[in-house]
>>> print(open('upload-v5.cif').read())   # mmCIF, C-alpha atoms
data_my_file
#
loop_
_atom_site.label_atom_id
_atom_site.label_comp_id
_atom_site.auth_asym_id
_atom_site.auth_seq_id
_atom_site.Cartn_x
_atom_site.Cartn_y
_atom_site.Cartn_z
CA MET A 1 18.02 -2.11 -5.16
CA ILE A 2 14.50 -1.13 -4.07
CA ALA A 3 13.10 2.06 -5.57
CA ILE A 4 10.76 4.17 -3.44
CA VAL A 5 8.60 6.24 -5.76
CA ASP A 6 8.88 9.97 -5.06
CA TYR A 7 6.01 11.93 -6.60
CA GLY A 8 6.07 14.81 -4.16
CA MET A 9 3.76 13.21 -1.58
CA GLY A 10 4.18 10.39 0.90
CA ASN A 11 6.00 9.32 4.02
CA LEU A 12 9.19 8.71 2.07
CA ARG A 13 11.89 8.96 4.72
CA SER A 14 10.09 6.74 7.21
CA VAL A 15 9.55 4.12 4.51
CA GLU A 16 13.17 4.43 3.41
CA LYS A 17 14.42 3.94 6.98
CA GLY A 18 12.11 0.97 7.54
CA ILE A 19 13.35 -0.86 4.46
CA ALA A 20 16.97 0.07 5.19
CA ARG A 21 16.58 -1.60 8.61
CA SER A 22 15.76 -4.76 6.68
CA GLY A 23 19.19 -4.59 5.08
CA ALA A 24 18.23 -3.63 1.54
CA PRO A 25 19.71 -0.73 -0.45
CA THR A 26 17.06 1.84 -1.36
CA LEU A 27 16.72 4.72 -3.77
CA VAL A 28 14.10 7.45 -3.38
CA THR A 29 13.48 8.62 -6.92
CA SER A 30 11.01 10.14 -9.38
CA ASP A 31 13.09 9.02 -12.37
CA PRO A 32 11.10 6.48 -14.45
CA ALA A 33 14.30 4.85 -15.73
CA GLN A 34 15.60 4.24 -12.21
CA ILE A 35 12.24 2.90 -11.07
CA LEU A 36 12.04 0.52 -14.03
CA ALA A 37 15.58 -0.69 -13.37
CA ALA A 38 14.99 -1.49 -9.68
CA HIS A 39 14.61 -5.05 -8.39
CA GLY A 40 11.58 -4.04 -6.32
CA VAL A 41 9.38 -0.95 -6.11
CA VAL A 42 7.50 0.71 -3.24
CA LEU A 43 4.64 3.16 -3.82
CA PRO A 44 3.93 5.07 -0.58
CA GLY A 45 1.19 7.63 -0.22
CA VAL A 46 -0.20 10.23 2.15
CA GLY A 47 -2.82 12.82 1.22
CA ALA A 48 -5.77 13.13 -1.13
CA PHE A 49 -6.31 10.56 -3.87
CA GLY A 50 -6.79 13.09 -6.68
CA ALA A 51 -3.73 15.13 -5.72
CA CYS A 52 -1.61 11.98 -5.70
CA MET A 53 -2.86 10.96 -9.15
CA ASP A 54 -2.13 14.47 -10.43
CA ASN A 55 1.40 14.33 -9.03
CA LEU A 56 2.04 10.89 -10.53
CA ALA A 57 0.94 12.22 -13.92
CA ARG A 58 3.00 15.40 -13.51
CA HIS A 59 6.12 13.31 -12.90
CA GLY A 60 5.32 10.97 -15.79
CA LEU A 61 4.91 8.02 -13.44
CA THR A 62 1.44 6.59 -14.09
CA ASP A 63 2.61 4.45 -17.00
CA THR A 64 5.82 3.66 -15.12
CA ILE A 65 3.87 2.10 -12.24
CA ARG A 66 1.77 0.04 -14.64
CA ARG A 67 4.94 -1.18 -16.40
CA VAL A 68 6.53 -2.19 -13.09
CA VAL A 69 3.48 -4.25 -12.18
CA ASP A 70 3.39 -5.82 -15.65
CA SER A 71 7.08 -6.71 -15.35
CA GLY A 72 6.45 -9.14 -12.50
CA ARG A 73 8.91 -7.49 -10.12
CA PRO A 74 7.86 -7.32 -6.45
CA PHE A 75 5.71 -4.25 -5.82
CA LEU A 76 4.62 -2.86 -2.45
CA GLY A 77 1.87 -0.26 -2.08
CA ILE A 78 1.46 1.52 1.27
CA CYS A 79 -1.72 3.31 2.46
CA LEU A 80 -2.75 5.56 -0.45
CA GLY A 81 -0.32 3.48 -2.52
CA LEU A 82 -2.86 0.64 -2.16
CA GLN A 83 -5.86 2.81 -3.05
CA LEU A 84 -4.23 4.24 -6.18
CA LEU A 85 -4.05 0.76 -7.71
CA PHE A 86 -7.84 0.66 -8.12
CA GLU A 87 -10.11 2.12 -10.78
CA GLU A 88 -11.52 5.08 -8.88
CA SER A 89 -12.03 6.80 -5.56
CA GLU A 90 -15.06 8.68 -4.31
CA GLU A 91 -12.77 11.15 -2.46
CA PHE A 92 -13.68 14.55 -3.97
CA GLY A 93 -14.78 12.52 -6.97
CA PRO A 94 -15.18 10.10 -8.46
CA VAL A 95 -11.50 10.37 -9.39
CA ALA A 96 -9.85 7.84 -11.71
CA GLY A 97 -7.02 5.73 -10.29
CA LEU A 98 -4.35 3.65 -12.00
CA GLY A 99 -6.88 0.94 -12.88
CA ILE A 100 -4.46 -1.91 -12.28
CA LEU A 101 -7.04 -3.63 -10.07
CA ARG A 102 -10.80 -3.58 -10.46
CA GLY A 103 -12.73 -1.93 -7.67
CA ARG A 104 -13.20 1.42 -6.00
CA VAL A 105 -12.21 3.36 -2.91
CA VAL A 106 -14.97 4.47 -0.52
CA ARG A 107 -15.24 6.52 2.66
CA PHE A 108 -16.09 5.06 6.03
CA ALA A 109 -19.81 5.73 6.41
CA GLY A 110 -23.03 4.35 7.85
CA PRO A 111 -24.67 3.78 11.23
CA ALA A 112 -22.02 1.25 12.27
CA LEU A 113 -19.56 4.16 12.40
CA ASP A 114 -21.57 6.05 15.03
CA GLY A 115 -19.20 7.18 17.75
CA LEU A 116 -16.06 6.34 15.78
CA LYS A 117 -13.78 9.15 14.68
CA ILE A 118 -12.94 9.55 11.01
CA PRO A 119 -10.15 9.26 10.02
CA GLN A 120 -9.26 6.06 11.77
CA MET A 121 -5.96 6.98 13.37
CA GLY A 122 -4.15 4.47 15.55
CA TRP A 123 -3.60 0.79 16.18
CA ASN A 124 -5.99 -1.90 15.00
CA ARG A 125 -5.92 -5.67 14.95
CA LEU A 126 -4.96 -7.31 11.68
CA ARG A 127 -6.95 -10.39 10.69
CA VAL A 128 -4.92 -12.53 8.30
CA ARG A 129 -7.33 -14.25 5.95
CA ARG A 130 -4.92 -15.91 3.54
CA ALA A 131 -1.25 -16.85 3.86
CA VAL A 132 1.11 -14.82 1.68
CA ALA A 133 4.85 -14.29 2.01
CA GLU A 134 4.60 -10.69 3.25
CA LEU A 135 2.37 -11.69 6.18
CA ALA A 136 4.48 -14.61 7.40
CA GLY A 137 5.63 -14.71 11.01
CA LEU A 138 3.45 -11.93 12.42
CA GLY A 139 2.40 -13.83 15.53
CA ASP A 140 -1.02 -14.71 16.84
CA ASP A 141 -2.52 -11.28 17.39
CA PRO A 142 -0.79 -8.67 15.22
CA PHE A 143 -1.65 -4.99 15.52
CA VAL A 144 -0.73 -2.39 12.90
CA TYR A 145 -1.02 1.38 12.59
CA PHE A 146 -3.66 3.04 10.39
CA VAL A 147 -4.31 6.64 9.31
CA HIS A 148 -7.15 6.81 6.76
CA SER A 149 -10.71 7.89 6.02
CA TYR A 150 -11.15 5.74 2.88
CA TYR A 151 -10.61 2.08 2.05
CA ALA A 152 -10.56 -0.05 -1.08
CA VAL A 153 -13.37 -2.40 -2.07
CA PRO A 154 -11.99 -4.83 -4.68
CA ASP A 155 -14.40 -6.33 -7.19
CA ASP A 156 -12.68 -9.64 -6.44
CA PRO A 157 -12.86 -10.26 -2.67
CA GLY A 158 -10.22 -12.97 -3.12
CA LEU A 159 -7.61 -10.21 -3.39
CA VAL A 160 -8.03 -9.43 0.30
CA VAL A 161 -5.41 -11.27 2.36
CA ALA A 162 -5.94 -9.36 5.62
CA SER A 163 -8.77 -7.31 7.01
CA ALA A 164 -9.48 -5.09 10.00
CA ASP A 165 -12.65 -3.85 11.66
CA TYR A 166 -13.58 -0.22 12.19
CA GLY A 167 -17.34 -0.25 12.36
CA VAL A 168 -17.19 -2.24 9.13
CA GLU A 169 -14.75 -4.93 8.09
CA PHE A 170 -12.45 -3.54 5.40
CA ALA A 171 -9.50 -4.62 3.28
CA ALA A 172 -6.30 -4.03 5.25
CA ALA A 173 -4.01 -5.79 2.76
CA ILE A 174 -4.37 -7.18 -0.74
CA SER A 175 -2.22 -9.49 -2.83
CA TRP A 176 -2.32 -10.02 -6.59
CA ARG A 177 0.44 -11.65 -8.63
CA ASN A 178 3.60 -9.67 -7.81
CA VAL A 179 1.67 -6.96 -5.94
CA PHE A 180 1.27 -6.69 -2.19
CA ALA A 181 -0.36 -3.57 -0.78
CA CYS A 182 -1.48 -2.57 2.68
CA GLN A 183 -3.83 0.14 3.93
CA PHE A 184 -1.86 0.44 7.17
CA HIS A 185 1.64 1.87 7.58
CA PRO A 186 4.21 -0.91 8.15
CA GLU A 187 6.92 1.71 8.70
CA LYS A 188 4.94 2.92 11.76
CA SER A 189 3.85 -0.52 12.98
CA GLN A 190 6.91 -1.40 15.06
CA ALA A 191 7.95 -5.08 15.12
CA VAL A 192 4.98 -6.32 13.06
CA GLY A 193 5.55 -3.71 10.38
CA LEU A 194 9.28 -4.34 10.30
CA ARG A 195 8.61 -8.04 9.77
CA ILE A 196 6.35 -7.23 6.81
CA LEU A 197 9.05 -5.04 5.27
CA GLU A 198 11.64 -7.77 5.88
CA ASN A 199 9.35 -10.26 4.16
CA PHE A 200 9.00 -7.94 1.18
CA VAL A 201 12.77 -7.49 0.98
CA GLY A 202 13.09 -11.28 1.04
CA ARG A 203 10.76 -11.52 -1.96
CA VAL A 204 12.82 -8.94 -3.82
CA ARG A 205 16.04 -10.82 -3.14
CA ALA A 206 14.51 -14.11 -4.23
CA ALA A 207 13.26 -12.57 -7.49
CA ALA A 208 16.47 -10.67 -8.31
#
>>> encode(input="upload-v5.cif", output="structure tokens")
Amino acid sequence: MIAIVDYGMGNLRSVEKGIARSGAPTLVTSDPAQILAAHGVVLPGVGAFGACMDNLARHGLTDTIRRVVDSGRPFLGICLGLQLLFEESEEFGPVAGLGILRGRVVRFAGPALDGLKIPQMGWNRLRVRRAVAELAGLGDDPFVYFVHSYYAVPDDPGLVVASADYGVEFAAAISWRNVFACQFHPEKSQAVGLRILENFVGRVRAAA
């Protein structure tokens, strides 16, 4: 069973359908006990960083997420679900995040962005920098779908397993212990995204 964390925000049904296509049973839930009992956990996210943190706290889920990560079970963060793992975001802030990973979330800015629309919304090439299970079998020139104005800057650049370029090169996916998280939306990224979700499901099955 893979639990998809429901804290009142996020692209839950699309994520649920994407994982279901990979053949895994899913449960969309805000119940900490059900999340802690799942074999794998997905943290999706759409919206403002601070509002998401408020909703996680309101549902009693901030400590739950930390406990899941500490447990060693496979964990997938999607879009804002990646950003929330870090210490803080400058979006309407600074606003404190979950603090599971060291680093901060910043807005696209600077002269290199001249002429580029913010948010980045659409397809962009994924540059795989380090082999991890979730990124296996994506082909030679994978493209994935992004919708975001902010991106994470880890203190440890070794966490970044894939990057993309939008005026600046930024972290498109990170991996740490049992955590894989992506700034893009695999559930909207067609065959490449489905492969990533299938790879995550494979990790969950292997760890169960």
>>> resolve_selection(input="upload-v5.cif", expression="the PyMOL selection byres ((chain A and resi 193) around 10)", output="compact mmCIF listing (two decimals) with C-alpha atoms, in the frame of the given file")
# COMPACT_ATOMS: atom_id res chain seq x y z
CA GLY A 18 12.11 0.97 7.54
CA LEU A 135 2.37 -11.69 6.18
CA LEU A 138 3.45 -11.93 12.42
CA PRO A 142 -0.79 -8.67 15.22
CA PHE A 143 -1.65 -4.99 15.52
CA VAL A 144 -0.73 -2.39 12.90
CA TYR A 145 -1.02 1.38 12.59
CA PHE A 184 -1.86 0.44 7.17
CA HIS A 185 1.64 1.87 7.58
CA PRO A 186 4.21 -0.91 8.15
CA GLU A 187 6.92 1.71 8.70
CA LYS A 188 4.94 2.92 11.76
CA SER A 189 3.85 -0.52 12.98
CA GLN A 190 6.91 -1.40 15.06
CA ALA A 191 7.95 -5.08 15.12
CA VAL A 192 4.98 -6.32 13.06
CA LEU A 194 9.28 -4.34 10.30
CA ARG A 195 8.61 -8.04 9.77
CA ILE A 196 6.35 -7.23 6.81
CA LEU A 197 9.05 -5.04 5.27
CA GLU A 198 11.64 -7.77 5.88
CA ASN A 199 9.35 -10.26 4.16
>>> residues_around(input="upload-v5.cif", residues="Ala37 in chain A", least_positions_apart="4", cutoff="12 Å", atoms="all atoms listed in the file", output="list of chain:residue names")
A:Met1, A:Ile2, A:Ala3, A:Leu27, A:Thr29, A:Asp31, A:Pro32, A:Ala33, A:Val41, A:Thr64, A:Arg67, A:Val68, A:Ser71, A:Arg73, A:Ala208
>>> resolve_selection(input="upload-v5.cif", expression="the PyMOL selection byres ((chain A and resi 147-157) around 6)", output="JSON, numbers by chain")
{"A": [83, 102, 103, 104, 105, 106, 107, 108, 118, 119, 120, 121, 146, 158, 159, 160]}
>>> atom_distance(input="upload-v5.cif", atom1="CA of Gly60 in chain A", atom2="CA of Glu90 in chain A")
23.5 Å
>>> residues_around(input="upload-v5.cif", residues="Ile174 in chain A", least_positions_apart="2", cutoff="8 Å", atoms="only C-alpha atoms", output="list in words")
Leu159, Val160, Val161, Ala162, Ala171, Ala172, Trp176, Val179, Phe180, Ala181 and Cys182 of chain A
>>> resolve_selection(input="upload-v5.cif", expression="the PyMOL selection byres ((chain A and resi 59) around 12)", output="VMD selection string")
chain A and resid 5 to 9 29 to 32 52 to 58 60 to 65
>>> atom_distance(input="upload-v5.cif", atom1="CA of Gly77 in chain A", atom2="CA of Arg125 in chain A")
19.5 Å
>>> residues_around(input="upload-v5.cif", residues="Leu80 in chain A", least_positions_apart="6", cutoff="8 Å", atoms="all atoms listed in the file", output="list in words")
Pro44, Gly45, Val46, Gly47, Phe49 and Gln183 of chain A
>>> write_last_selection(input="upload-v5.cif", atoms="C-alpha atoms", output="mmCIF file, in the coordinates of the input")
data_model
loop_
_atom_site.group_PDB
_atom_site.id
_atom_site.type_symbol
_atom_site.label_atom_id
_atom_site.label_comp_id
_atom_site.auth_asym_id
_atom_site.auth_seq_id
_atom_site.Cartn_x
_atom_site.Cartn_y
_atom_site.Cartn_z
ATOM 1 C CA PRO A 44 3.930 5.070 -0.580
ATOM 2 C CA GLY A 45 1.190 7.630 -0.220
ATOM 3 C CA VAL A 46 -0.200 10.230 2.150
ATOM 4 C CA GLY A 47 -2.820 12.820 1.220
ATOM 5 C CA PHE A 49 -6.310 10.560 -3.870
ATOM 6 C CA GLN A 183 -3.830 0.140 3.930
#
>>> atom_distance(input="upload-v5.cif", atom1="CA of Gly115 in chain A", atom2="CA of Gly93 in chain A")
25.7 Å
